[in-house]
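Let me begin by presenting the structure, written as structure tokens, before commenting on it.
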Amino acid sequence: MALISAWPLVSPVLFFLRCFSSSTASSEGSVFQFDIEGSSAVSTQEATVIRGQQQAVATGSWVPFAEGCQEGFYRTSSGKCSPCNCNGNANRCLDGSGICVDCQRNTTGQHCEQCPDGFIGDAVRGVPTFCQPCPCPLPALANFAVSCYRKSGSVRCVCKENYAGPNCERCAPGYYGNPLLIGSTCKKCDCNGNSDPNLIFEDCDEVTGQCRNCLHHTTGFNCERCAPGYYGDARFAKNCTACNCGGRMCDSQTGECLADSPEVSTDTDCPTISCDKCIWDLTDDIRLSVLTIDESKSTLLSISTGVAAQRRLNDLNLTTIHLQEAMSKKKNHAMLWTIQVDDAADEMNDLLREAETLDEQGNEASSKGRLVQKETTEINNRASQLVQQLNNIRDNIEEINSKSKYYAIQQELSPEEIAQKRSVAEEMLKEIKRRKPFTNQRQLADEEENAAKELLQQIEAFHEKYNDTRSLVTDVLEQLSEQDVKLSDLEEALHQALDYVIQTEDINRENTARLQRQEKQHGKIKEQINEVNSTLLSATTILEGPQKVNSELGEVIKNASGFYAEIDGAKKELQEKIANLSLFDDDLVEKAMHHAHNLRRLADELDGNLYGVDSNGLVQRAINASNVYENIAGYIEEANKVATLALNTTNRVKDAAVGIDTQVIYHKGKSEELLIRAMQLQRTAHDSSSYTIADTSWQVNGTFARMSSLRSQLMRAIAKMQSAETEEARERLEQAQLKTAEAVSATTTVTQATTPMDENVKLWSQNLQDFQHNSEAYDSAVHSAGDAVQKLTEVFPQLLDKLRKVEQKAPANNISSSIQRIRELIAQTRSVASKVQVSMMFEGQSAVEVNPKINVEELKSFTSMSLYIKLHKDNPQLAASPDRFILYLGNKNAKHYIGLAIKNDNLVYIYNLGGQDVEIPLDSKPVSTWPSYFSIIKIERIGRHGKMFLTVPSLSSTAEEKFIKKGEVLGPGSLLNLEPENAVFYVGGVPPGFKLPPSLNLPGFIGCLELATLNDDVISLYNFKHVYNIDTTTSPPCARDKLAFTQSRAVSYFFDGSGYALARNIERRGKFSQVTRFDIEVRTPTDSGLILLMINGSMFFSLEMHDGFLYLRYDFGFSNGPMLLEDSMKKARINDAKFHEISIIYHNSKKMILVVDRRHIKSVDNERTAMPFTDIYIGGAPTEILHSSSISSHLAGSIGFKGCMKGFQFQKKDFNLLEEPGTLGISYGCPEDSLMSRNAYFNGESFIASSQKVSLFTEFEGGFNFRTLQPSGLLFYYSEGSDVLSISMERGAVVLNASGTKIQSPERNYNDGKTHFIITSVTPERYELTVDDKKQSKKNPAKDRAGKSPDSIKKFYFGGSPLRTQQANFTGCISNAYFTRLDQEVEVEDFQKYSEKVQASLYGCPVESPPVALLHKKGKNSSKAKGNRNKKVGRDKDKISQPSSGLKKLYQVNFQREPQCHLPMNPKATEHAYQFGGTANSRQELDHIPKDFSQRAQFSISLKTHSSHGMIFYISDEKETNFMALFVAHGRLIFMFNAGHQKIRIKSQEKYNDGLWHNVIFIRGKNIGRLIIDGLRVLEESFDGNVNTWQVTEPLYIGGVAPGKAVKNIQINSVYSFSGCLSNLQLNGRSLTSASQTFSVTPCYEGPSEAGTYFSSEGGYVVLDESFSLGLKFEVVFEIRPRSSSGILLHGHSVNGEYLNMHMRNGQVTVKLNNGIRDFSTSVTLKQSLCDGRWHRIAVIRDANVVQLDVDSEVNHVVGPLNPKATDHREPVFIGGVPESLLTSSLTTRNSFIGCIRNFMIDEKPVSFSKAALVSGAVSINTCPAA
């Protein structure tokens, strides 16, 4: 009854909902009218019809069974027709079940309620969310998904088997194709089973399908044929076999050998064709190209040609037609545009203003649009919720309606009763409608509807305006670009026309002047011609003699000047040669000759005995060691040539001097004769007639005057020759000639002796492959090579001493470079000698003194040595006396040493640390039981603990016997204190006269020894100082058997950082092709190192390891400069002491791919260019290449690789690096000791940690080395509950804190940059701290912990701790750490195995000695050093020695960087060179002038510039009457000074602004000025030396002068600052002291640069001119790229204490103000670091008391107190720093800014720093280092 009574209320609601539903459907249909190709979705109108039919039938009654139900209904089991529930997606359903049939609109399911597989959407709700094809990757056109679903707002695809990717956009591994290409599918890779079997799928290119890495000697696109040089069936039988044709090619199917030269018919003229391997390779390449073309053809044919493609082609055609029409119009109107350029410029300005207005309007419209969009979204969401609610209400009403009908039928109500009930319900509904809440809601709904309609109309109007605006923006931009192009063309044309006009004017002026001169000369000539003719007739006979004398004297003077300049230029070189040649004494020459004869004998002996095969690579290594003779021979040949040249020059100079004397005497006599004749002629003329006398008197007087002048010149020339000390020079020349002759004779003798040796070495290398195996000859060859290296090395110490003397005596550049070259050769020789893995035979009386490379400081706390040993048990001497000495490393006084011996049939390890000997006998393996082949011995010592290892290998298997024995010192000593000058290293025996300690005083060793490593360095017996009683003929070295444990040595190569491998002509093994590939495996613990390098001129390719990650940079001549491919995401760390496989793939000559461990790291695209290289350096390169200007600026560092490499391949072809001729300084094997990380460097924010089973409070001992310059820091930290054990630095002292008990070292100077050793001991009774063997101890108060042994694993820290402690983290190095553990023996900690490593470097220690402070004398314009560190330097400046350079010296930590900074704090710069320029008065001022400066001033300086003008050097008195200057004018060097009132000017003829370094010497003597350039060009000018005293005053200017200076004496263009680099300024042979003041001078940086102003780490600032000020209202905008996270950016200060300061501190930018009331500030901190190497924009806006700061769009502001009395002050503005006196105590950062600033603007007005009021300190204007 309740339902019946409610019906009148429900019926109107149902009617309302029906109307709403129909309106909603119509609106949706009008918006979402789209269909997708291939779908069968019905339209919205059709859905409405279906739904309406169902409703229409539903209102009817039963239908007779025979008639059947209408469409859209089904017959139930009771015979009634019920509507189909198909969600509007079908018109039919099955009778009885109601299951829908023929579901439409891509639906499925019993009620069409689901989307089938491959479709996504909502089948129930319909439009617009109906089922659509999955977009995987393209809907309908390319759908390769099994199914798809929505997650987190995005579509996820479940791809078919052949596809992969989030949207099935690429092929799965093992398949190829391009799913994004319409019509393309993924096909399975077909490599015919010839790919890598370890892979699950066949490996082919994912796009083309070309197989990668064909195995089983196959090749081809699908590995379908045998590789060149092989034949067989690659597809089915897979039996590719090598051709047996002696190196020739064979048929790829049958294996039949192919002839090299096919026969050609004799009756033809065709040439004979020789088909070598290149032809067959070319044939294979052509065959591969055909396959590639076929694949490309099939790909092109597979491209879709459907409607979409046709439509796109039509669009392209239309676009092409439009472009053609536009271009033709543009061409037709080109002339018209040229004429209308001026009008176009005005229009462009108007357009720019309109564009700015439109941009502002667009921004406003955009903001309004975003607001409208937000409100629209909210309205849409509310409408969706309302629709959902109304749908629910409609469903409920429909359900109530159906139930009411059912209820009426069940209750058998009559129609009258139903109508009555309905009328009651309608009355109730009307009553409800009339009630106030519903009326109000209806009114509100109508108002909202009207408002929504108005808003929609506004939005549509706004959208139309927005579209119009967007269309106008495109046209405006196009017009602006066109106008810009026109203006550029016009500007070029105007510039060209202006140049032509200027050139024309210059030519006209020259022609006019020339014409005027010619006219004047022509008139003069006409007037004088008669007079000259008559005069010449009478004077001809008189002047014949004087003219002849004049010409001859002119030649004499010219020759004398030339010889004098040549003598002066060669003087320095001859003195250097004399000094160099004088060092070769007779004994050394005699030794060299004797040594050469021995080498000749050994060469003949080796040539006769070498018949063995190099079975283990050792002969090749020995020959490589001998190759150093080629370098020595080359240098001797070079010395021979130089000596010959010196001899020739000496003879020529001597002859010239004799010739000059002869000519002077001869012409003096001739002059006297001519003078007598002239006087006779004068007397004769006097007797002539008066007219003749008057006429000739003038001529004779002129002649006489000229004769007098010539005579005075002649006398001056004679005086000059006499003043040159002819006798002394002649004696020097004779001595030089004698020394030269001796040197030539000696070098000739040595060359004659070494030339046959060189030929024999080359002959050995050629014949090695053909030798037969002969063990005796093999041993003899190895030993002969070693003996040769020994004899050469005997000469090296003497040669080094000689070279040091020469360096001290003659510091000229060419001598220094030659000496440096010799040192490099010797270093190469020692490096090669260290890698010679050959043993030496000892007979009991022989000995070797080894030259270890390692520093004795590194052996103090930790010593490790390994060697190979083999006894000659059948030797009768050994049987008679079995106890033998093996080695000794220690001091000559037999204190502090380690040694090895055989005593009582045991191997005994002996070491002494200043007290008693410690002997560790290996009694578990008696020596008599050792095998007859090599065994391995390793001895270690850390602190007082010693250990010895013996490894006995097996010949037949990899099994090894290992024996270990330990010991320790009982006394207090723990350090091996070796003295560098007294330390010796003897092996096998000792020389006569050396006294061994009693424990080692035994007979010499009998057998063979081979050294392996000393600590981390590879060492060899062949790197020795001396050998004693070793005869290669009677004692050949022992051949190494191929034992199992030695096999690993032949697999990899060890690089120690100084050597490198060079593979020349790499295309001999493989060709650069479409895919070029390099592969190599590396293993290293170091942070940085060079891996691969290729160079061709300015083009290069370098692969480096930088901070543990790969860094690839290359340039193949690209127009945009070098490309960088860097592991910026830190995907693959290389320096973890594990092998990593690195692959470099260059694809299609335009894409570089980096792969590590078969994982793609990164790729980059470049211009299509082939690799232009032939040679490749591996692991390093020669120094001259790494430091060359073409490559050094592009390398991240110039450090050689240290670690192991193996498997180097080019195009999958292996290279044996040790067999390459260019390889130097590498060896076989991979020593594990060299890969351990015993060192760790901490930067103050880093630490390392490990978890081990330790207990530091029971029985514990530990120790480690440390080095630091910081006075405080946490070294070690361990906690056990509340108990803490820590070791730290506090104010320079070492402090042990064990559970509150502190022990402090008495000394406080451990932060001196030197290595110190700490030992800590904890026992139940005492705590002990020992620093450098100085012990301190205290009682242990906690004895109750004794005996406790915790089973849990504890964590300990080195270098700091992440926990909050009282000490800051450590800055410095920790190495060779050890401590007792519960689960293992005492051994050195390998930091590489630690689980936590936070910002710590595990290789190298950059801590050096304290740097020399930069000395600045405070002046009125000087920059004051900032920061606490610099303050300390200032207080101690009197105690610091002056630096050696006249300019400020950089710290030797150029490449240290802050951890959070990407760029180093100091860019790479040339040492001792400084950059000037940028401002008109860039300069340095020096106050110190020597007392003897006025008597003699000799300066030398090096310069490099591209500028045509600029001041280099200037000094004068106060009035600038006396002065001296060196400057550049028009590219030429000019040396200028005064001599009284006379100005002396010496000018070079050549230009030196070529950007190269030039050495310049300029001298002002008593009566001469001299300019010497590059030691060869000598220019001089003499003057009267009897002038008044020449005095000048301070300062001395370098690189420029102060404003107003030098204008009086120097042309204005050259008064301005020198633009370039200066270095090595010296006065009278002494380097000048540091500059007192510096203005805009920075180090001379190398590498690329860009526009900007650079503020260096030395400090400096820029003061803006008075036109810029910061008042109460301003806007400052600029960009920065910092190299430090802290520093002052901007500062303004007024006299009344108000200020504004902007600074960075730890990456946070802060603006702080004081407006006279109080301080207030605001800050911005970016998510990313400001110090990331990128440019960042900063803007500051102030309006009275409101300040806003904007950093990269991160904005913050502050509102300070309002000062009603505030006024604007025009005070100076400081940029980049500020004098310390102006800083307030409240500022947290006082350091200067370090980095670059550009685009600085105040109130939208650009600021030019080059026009600043002052540039103080090391600031570079307009040039900023880019790396």
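The chains in the structure tokens are called A, B, ... from first to last as shown; in each chain the residues are counted from 1, and the ligands are counted from 1 in the order shown.
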### Message
Run DSSP on the backbone and tell me which residues of segment 149-206 of chain A come out as strand (DSSP E or B); list them as a PyMOL selection string.
### Response
chain A and resi 149-151+154-159+163-164+170-171+175-176+187-188+204
### Query
If you count only C-alpha atoms, which residues fall within 7 Å of segment 1161-1174 of chain A, apart from same-chain ones fewer than 6 positions away, as an NGL selection string?
:A and (1064-1067 or 1094-1096 or 1116 or 1118 or 1125 or 1127 or 1131 or 1149-1155)
### Coordinates-based distance that separates atom CA of Asn1822 of chain A from atom CA of Glu492 of chain A (Å, one decimal)
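Between atom CA of Glu492 of chain A and atom CA of Asn1822 of chain A the gap is 25.1 Å.
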### Task
Per DSSP on the backbone, filter segment 1126-1222 of chain A down to the residues in helix (DSSP H, G or I) and report them as a list in words.
Thr1183, Glu1184, Ile1185, Leu1186, Ser1192, Ser1193, His1194, Leu1217, Leu1218 and Glu1219 of chain A
Next, dump the selected residues to file, keeping only C-alpha atoms, as a short mmCIF file (atom, residue, chain, number, x, y, z; two decimals), in the first residue's frame.
```cif
data_model
loop_
_atom_site.label_atom_id
_atom_site.label_comp_id
_atom_site.auth_asym_id
_atom_site.auth_seq_id
_atom_site.Cartn_x
_atom_site.Cartn_y
_atom_site.Cartn_z
CA THR A 1183 103.47 13.33 -22.39
CA GLU A 1184 103.94 15.55 -25.42
CA ILE A 1185 100.58 14.37 -26.77
CA LEU A 1186 98.68 14.69 -23.48
CA SER A 1192 94.89 18.91 -23.34
CA SER A 1193 91.94 21.29 -23.08
CA HIS A 1194 89.49 18.52 -24.01
CA LEU A 1217 99.19 -5.35 -26.69
CA LEU A 1218 102.66 -6.51 -25.65
CA GLU A 1219 103.45 -7.48 -29.24
#
```
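Closest to Phe1379 of chain A among A:Phe1260, A:Tyr1552, A:Phe1109, A:Phe1078 is A:Phe1260, based on only C-alpha atoms.
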### Message
Which residues are near segment 1015-1020 of chain A? Cut-off 6 Å, only C-alpha atoms, ignore same chain within fewer than 4 positions. Put them as a PyMOL selection string.
### Response
chain A and resi 834+864+1011+1233-1234
#### Entry: Distance query segment 358-367 of chain A at most 10 Å, only C-alpha atoms, self and fewer than 4 positions along chain excluded, as a list of chain:residue names
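Using only C-alpha atoms, the neighbours found are A:Leu351, A:Leu352, A:Arg353, A:Glu354, A:Leu371, A:Val372, A:Gln373, A:Phe462, A:His463, A:Lys465, A:Tyr466, A:Thr469, A:Arg470, A:Leu472, A:Val473.
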### Query
Can you tell me how far atom CA of Ala1132 of chain A sits from atom CA of Ser1102 of chain A, in Å to one decimal?
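Going from atom CA of Ala1132 of chain A over to atom CA of Ser1102 of chain A, I get 18.0 Å.
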### Task
Find the residues near Gln210 of chain A: any atom within 6 Å, counting only C-alpha atoms, skip ones fewer than 4 places away on the same chain, and give them as a list in words.
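What passes the distance filter is Cys204, Asp205 and Phe221 of chain A.
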Store the residues picked out above in a file with N, CA and C atoms, as an mmCIF file, in the first residue's frame.
```cif
data_model
loop_
_atom_site.group_PDB
_atom_site.id
_atom_site.type_symbol
_atom_site.label_atom_id
_atom_site.label_comp_id
_atom_site.auth_asym_id
_atom_site.auth_seq_id
_atom_site.Cartn_x
_atom_site.Cartn_y
_atom_site.Cartn_z
ATOM 1 N N CYS A 204 70.278 -9.804 -32.964
ATOM 2 C CA CYS A 204 70.301 -9.078 -34.231
ATOM 3 C C CYS A 204 69.883 -7.640 -33.979
ATOM 4 N N ASP A 205 70.092 -6.795 -34.986
ATOM 5 C CA ASP A 205 69.700 -5.390 -34.886
ATOM 6 C C ASP A 205 68.184 -5.298 -34.759
ATOM 7 N N PHE A 221 74.549 -10.920 -43.530
ATOM 8 C CA PHE A 221 73.418 -10.241 -42.874
ATOM 9 C C PHE A 221 72.746 -11.161 -41.879
#
```
### Query
Hey, can you check how far atom CA of Asp1214 of chain A sits from atom CA of Lys1071 of chain A?
13.4 Å
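Considering only C-alpha atoms, the residue among A:Val1027, A:Val908, A:Ile1318, A:Val1695 positioned nearest to Asp1332 of chain A is A:Ile1318.
Counting only C-alpha atoms, segment 1288-1297 of chain A has the following residues at most 7 Å away, ignoring those fewer than 2 positions along the same chain: Pro1271, Ser1272, Gly1273, Leu1274, Leu1275, Phe1276, Leu1285, Ser1286, Ser1299, Gly1300, Thr1301, Lys1302, Ile1303, Gln1304, Ser1305, Glu1307, Arg1308, Asn1309, Tyr1310, Asn1311 and Leu1329 of chain A.
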### Message
Show me, as number ranges by chain, the residues that have an atom within 12 Å of segment 374-386 of chain A when counting only C-alpha atoms, minus same-chain residues fewer than 3 positions from it.
### Response
A: 17, 20-21, 24, 367-371, 389-393, 448-449, 451-452, 455-456, 459
Include all heavy atoms and write out the residues we just selected as a compact mmCIF listing (two decimals), in the first residue's frame.
```txt
# COMPACT_ATOMS: atom_id res chain seq x y z
N LEU A 17 13.35 12.83 -15.08
CA LEU A 17 14.62 12.14 -15.34
C LEU A 17 14.71 11.68 -16.77
O LEU A 17 15.79 11.69 -17.37
CB LEU A 17 14.77 10.95 -14.39
CG LEU A 17 15.03 11.32 -12.93
CD1 LEU A 17 15.05 10.06 -12.08
CD2 LEU A 17 16.33 12.07 -12.80
N PHE A 20 15.73 14.66 -18.78
CA PHE A 20 17.15 14.97 -18.54
C PHE A 20 18.07 13.99 -19.24
O PHE A 20 19.08 14.36 -19.83
CB PHE A 20 17.42 14.97 -17.03
CG PHE A 20 18.82 15.35 -16.70
CD1 PHE A 20 19.23 16.66 -16.63
CD2 PHE A 20 19.77 14.35 -16.49
CE1 PHE A 20 20.53 17.00 -16.35
CE2 PHE A 20 21.07 14.69 -16.20
CZ PHE A 20 21.46 16.00 -16.11
N SER A 21 17.68 12.70 -19.19
CA SER A 21 18.52 11.69 -19.82
C SER A 21 18.60 11.89 -21.31
O SER A 21 19.66 11.79 -21.92
CB SER A 21 17.98 10.29 -19.49
OG SER A 21 18.71 9.33 -20.17
N THR A 24 20.80 14.91 -22.08
CA THR A 24 22.23 14.59 -21.87
C THR A 24 22.77 13.76 -23.01
O THR A 24 23.87 13.99 -23.51
CB THR A 24 22.40 13.85 -20.53
OG1 THR A 24 21.86 14.65 -19.50
CG2 THR A 24 23.86 13.55 -20.27
N SER A 367 46.62 33.60 -17.87
CA SER A 367 46.29 33.43 -16.46
C SER A 367 44.79 33.33 -16.26
O SER A 367 44.29 32.49 -15.49
CB SER A 367 46.86 34.60 -15.66
OG SER A 367 46.31 35.84 -16.13
N LYS A 368 44.04 34.20 -16.99
CA LYS A 368 42.58 34.09 -16.89
C LYS A 368 42.10 32.74 -17.41
O LYS A 368 41.18 32.12 -16.85
CB LYS A 368 41.92 35.23 -17.68
CG LYS A 368 42.14 36.62 -17.08
CD LYS A 368 41.47 37.69 -17.93
CE LYS A 368 41.70 39.09 -17.35
NZ LYS A 368 41.06 40.15 -18.19
N GLY A 369 42.68 32.30 -18.51
CA GLY A 369 42.28 31.01 -19.07
C GLY A 369 42.54 29.87 -18.09
O GLY A 369 41.73 28.94 -17.98
N ARG A 370 43.72 29.92 -17.41
CA ARG A 370 43.98 28.86 -16.44
C ARG A 370 42.95 28.89 -15.32
O ARG A 370 42.51 27.83 -14.83
CB ARG A 370 45.40 29.03 -15.87
CG ARG A 370 46.51 28.63 -16.84
CD ARG A 370 47.85 28.48 -16.12
NE ARG A 370 48.34 29.78 -15.67
CZ ARG A 370 49.12 30.58 -16.39
NH1 ARG A 370 49.52 30.20 -17.58
NH2 ARG A 370 49.53 31.75 -15.91
N LEU A 371 42.59 30.11 -14.89
CA LEU A 371 41.56 30.20 -13.84
C LEU A 371 40.24 29.64 -14.34
O LEU A 371 39.56 28.87 -13.64
CB LEU A 371 41.41 31.67 -13.41
CG LEU A 371 40.38 31.95 -12.30
CD1 LEU A 371 40.78 31.19 -11.04
CD2 LEU A 371 40.29 33.44 -12.03
N GLN A 389 24.39 10.70 -9.96
CA GLN A 389 23.31 10.61 -8.98
C GLN A 389 21.95 10.52 -9.67
O GLN A 389 21.07 9.72 -9.26
CB GLN A 389 23.34 11.83 -8.07
CG GLN A 389 24.58 11.89 -7.17
CD GLN A 389 24.66 13.17 -6.38
OE1 GLN A 389 23.76 14.01 -6.50
NE2 GLN A 389 25.73 13.31 -5.59
N LEU A 390 21.75 11.33 -10.73
CA LEU A 390 20.47 11.27 -11.44
C LEU A 390 20.26 9.92 -12.11
O LEU A 390 19.12 9.40 -12.17
CB LEU A 390 20.41 12.38 -12.48
CG LEU A 390 20.34 13.82 -11.89
CD1 LEU A 390 20.39 14.83 -13.02
CD2 LEU A 390 19.07 14.00 -11.08
N ASN A 391 21.34 9.34 -12.64
CA ASN A 391 21.21 7.99 -13.22
C ASN A 391 20.77 6.99 -12.18
O ASN A 391 19.95 6.10 -12.43
CB ASN A 391 22.55 7.56 -13.84
CG ASN A 391 22.83 8.29 -15.14
OD1 ASN A 391 21.91 8.70 -15.84
ND2 ASN A 391 24.12 8.44 -15.47
N ASN A 392 21.36 7.12 -10.98
CA ASN A 392 20.94 6.20 -9.91
C ASN A 392 19.47 6.39 -9.56
O ASN A 392 18.71 5.43 -9.36
CB ASN A 392 21.81 6.43 -8.69
CG ASN A 392 23.26 6.07 -8.94
OD1 ASN A 392 23.55 5.27 -9.84
ND2 ASN A 392 24.20 6.65 -8.19
N ILE A 393 19.07 7.69 -9.48
CA ILE A 393 17.65 7.96 -9.17
C ILE A 393 16.74 7.39 -10.27
O ILE A 393 15.70 6.79 -9.99
CB ILE A 393 17.43 9.47 -9.01
CG1 ILE A 393 18.21 9.98 -7.78
CG2 ILE A 393 15.95 9.81 -8.89
CD1 ILE A 393 18.17 11.48 -7.64
N GLU A 448 21.93 29.27 -11.79
CA GLU A 448 23.22 28.66 -12.12
C GLU A 448 23.28 28.28 -13.59
O GLU A 448 24.33 28.42 -14.24
CB GLU A 448 23.46 27.43 -11.25
CG GLU A 448 23.78 27.76 -9.79
CD GLU A 448 24.08 26.52 -8.97
OE1 GLU A 448 24.08 25.43 -9.55
OE2 GLU A 448 24.32 26.68 -7.78
N GLU A 449 22.15 27.81 -14.13
CA GLU A 449 22.14 27.45 -15.54
C GLU A 449 22.38 28.69 -16.41
O GLU A 449 23.17 28.67 -17.36
CB GLU A 449 20.81 26.81 -15.89
CG GLU A 449 20.74 26.36 -17.37
CD GLU A 449 19.39 25.75 -17.69
OE1 GLU A 449 18.52 25.78 -16.82
OE2 GLU A 449 19.24 25.25 -18.82
N ALA A 451 23.86 31.48 -15.48
CA ALA A 451 25.25 31.92 -15.29
C ALA A 451 26.22 31.05 -16.08
O ALA A 451 27.19 31.53 -16.67
CB ALA A 451 25.61 31.90 -13.80
N ALA A 452 25.95 29.73 -16.08
CA ALA A 452 26.82 28.83 -16.84
C ALA A 452 26.78 29.12 -18.33
O ALA A 452 27.79 29.07 -19.02
CB ALA A 452 26.42 27.38 -16.55
N LEU A 455 28.76 32.22 -18.93
CA LEU A 455 30.20 31.91 -18.84
C LEU A 455 30.69 31.16 -20.07
O LEU A 455 31.77 31.42 -20.59
CB LEU A 455 30.47 31.08 -17.57
CG LEU A 455 31.91 30.68 -17.31
CD1 LEU A 455 32.78 31.94 -17.17
CD2 LEU A 455 32.01 29.83 -16.05
N LEU A 456 29.84 30.24 -20.56
CA LEU A 456 30.21 29.50 -21.76
C LEU A 456 30.35 30.43 -22.96
O LEU A 456 31.28 30.31 -23.77
CB LEU A 456 29.18 28.41 -22.03
CG LEU A 456 29.44 27.52 -23.24
CD1 LEU A 456 30.77 26.78 -23.06
CD2 LEU A 456 28.31 26.52 -23.44
N ILE A 459 33.53 32.28 -22.60
CA ILE A 459 34.68 31.40 -22.91
C ILE A 459 34.82 31.23 -24.42
O ILE A 459 35.92 31.26 -24.97
CB ILE A 459 34.51 30.05 -22.21
CG1 ILE A 459 34.67 30.23 -20.69
CG2 ILE A 459 35.52 29.03 -22.72
CD1 ILE A 459 34.37 28.99 -19.90
```
Against segment 970-978 of chain A, which residues of segment 909-957 of chain A fall within 9 Å? For each one I want the closest pair of atoms and the distance in Å (one decimal), counting only C-alpha atoms, rows by chain and increasing residue number, as a tab-separated table.
```
residue	atom	partner	partner_atom	distance
A:Tyr911	CA	A:Leu976	CA	9.0
A:Asn912	CA	A:Leu976	CA	7.7
A:Leu913	CA	A:Leu976	CA	5.4
A:Gly914	CA	A:Gly973	CA	6.6
A:Gly915	CA	A:Gly971	CA	6.9
A:Gln916	CA	A:Gly971	CA	7.7
A:Val918	CA	A:Leu970	CA	8.5
A:Ile942	CA	A:Ser974	CA	8.0
A:Gly943	CA	A:Ser974	CA	4.5
A:Arg944	CA	A:Ser974	CA	4.6
A:His945	CA	A:Ser974	CA	8.3
```
### Message
Under the rule that only C-alpha atoms are counted, which of A:Leu1664, A:Gly1671, A:Ser1500, A:Pro1324 is the nearest residue to Ser1623 of chain A?
### Response
A:Ser1500
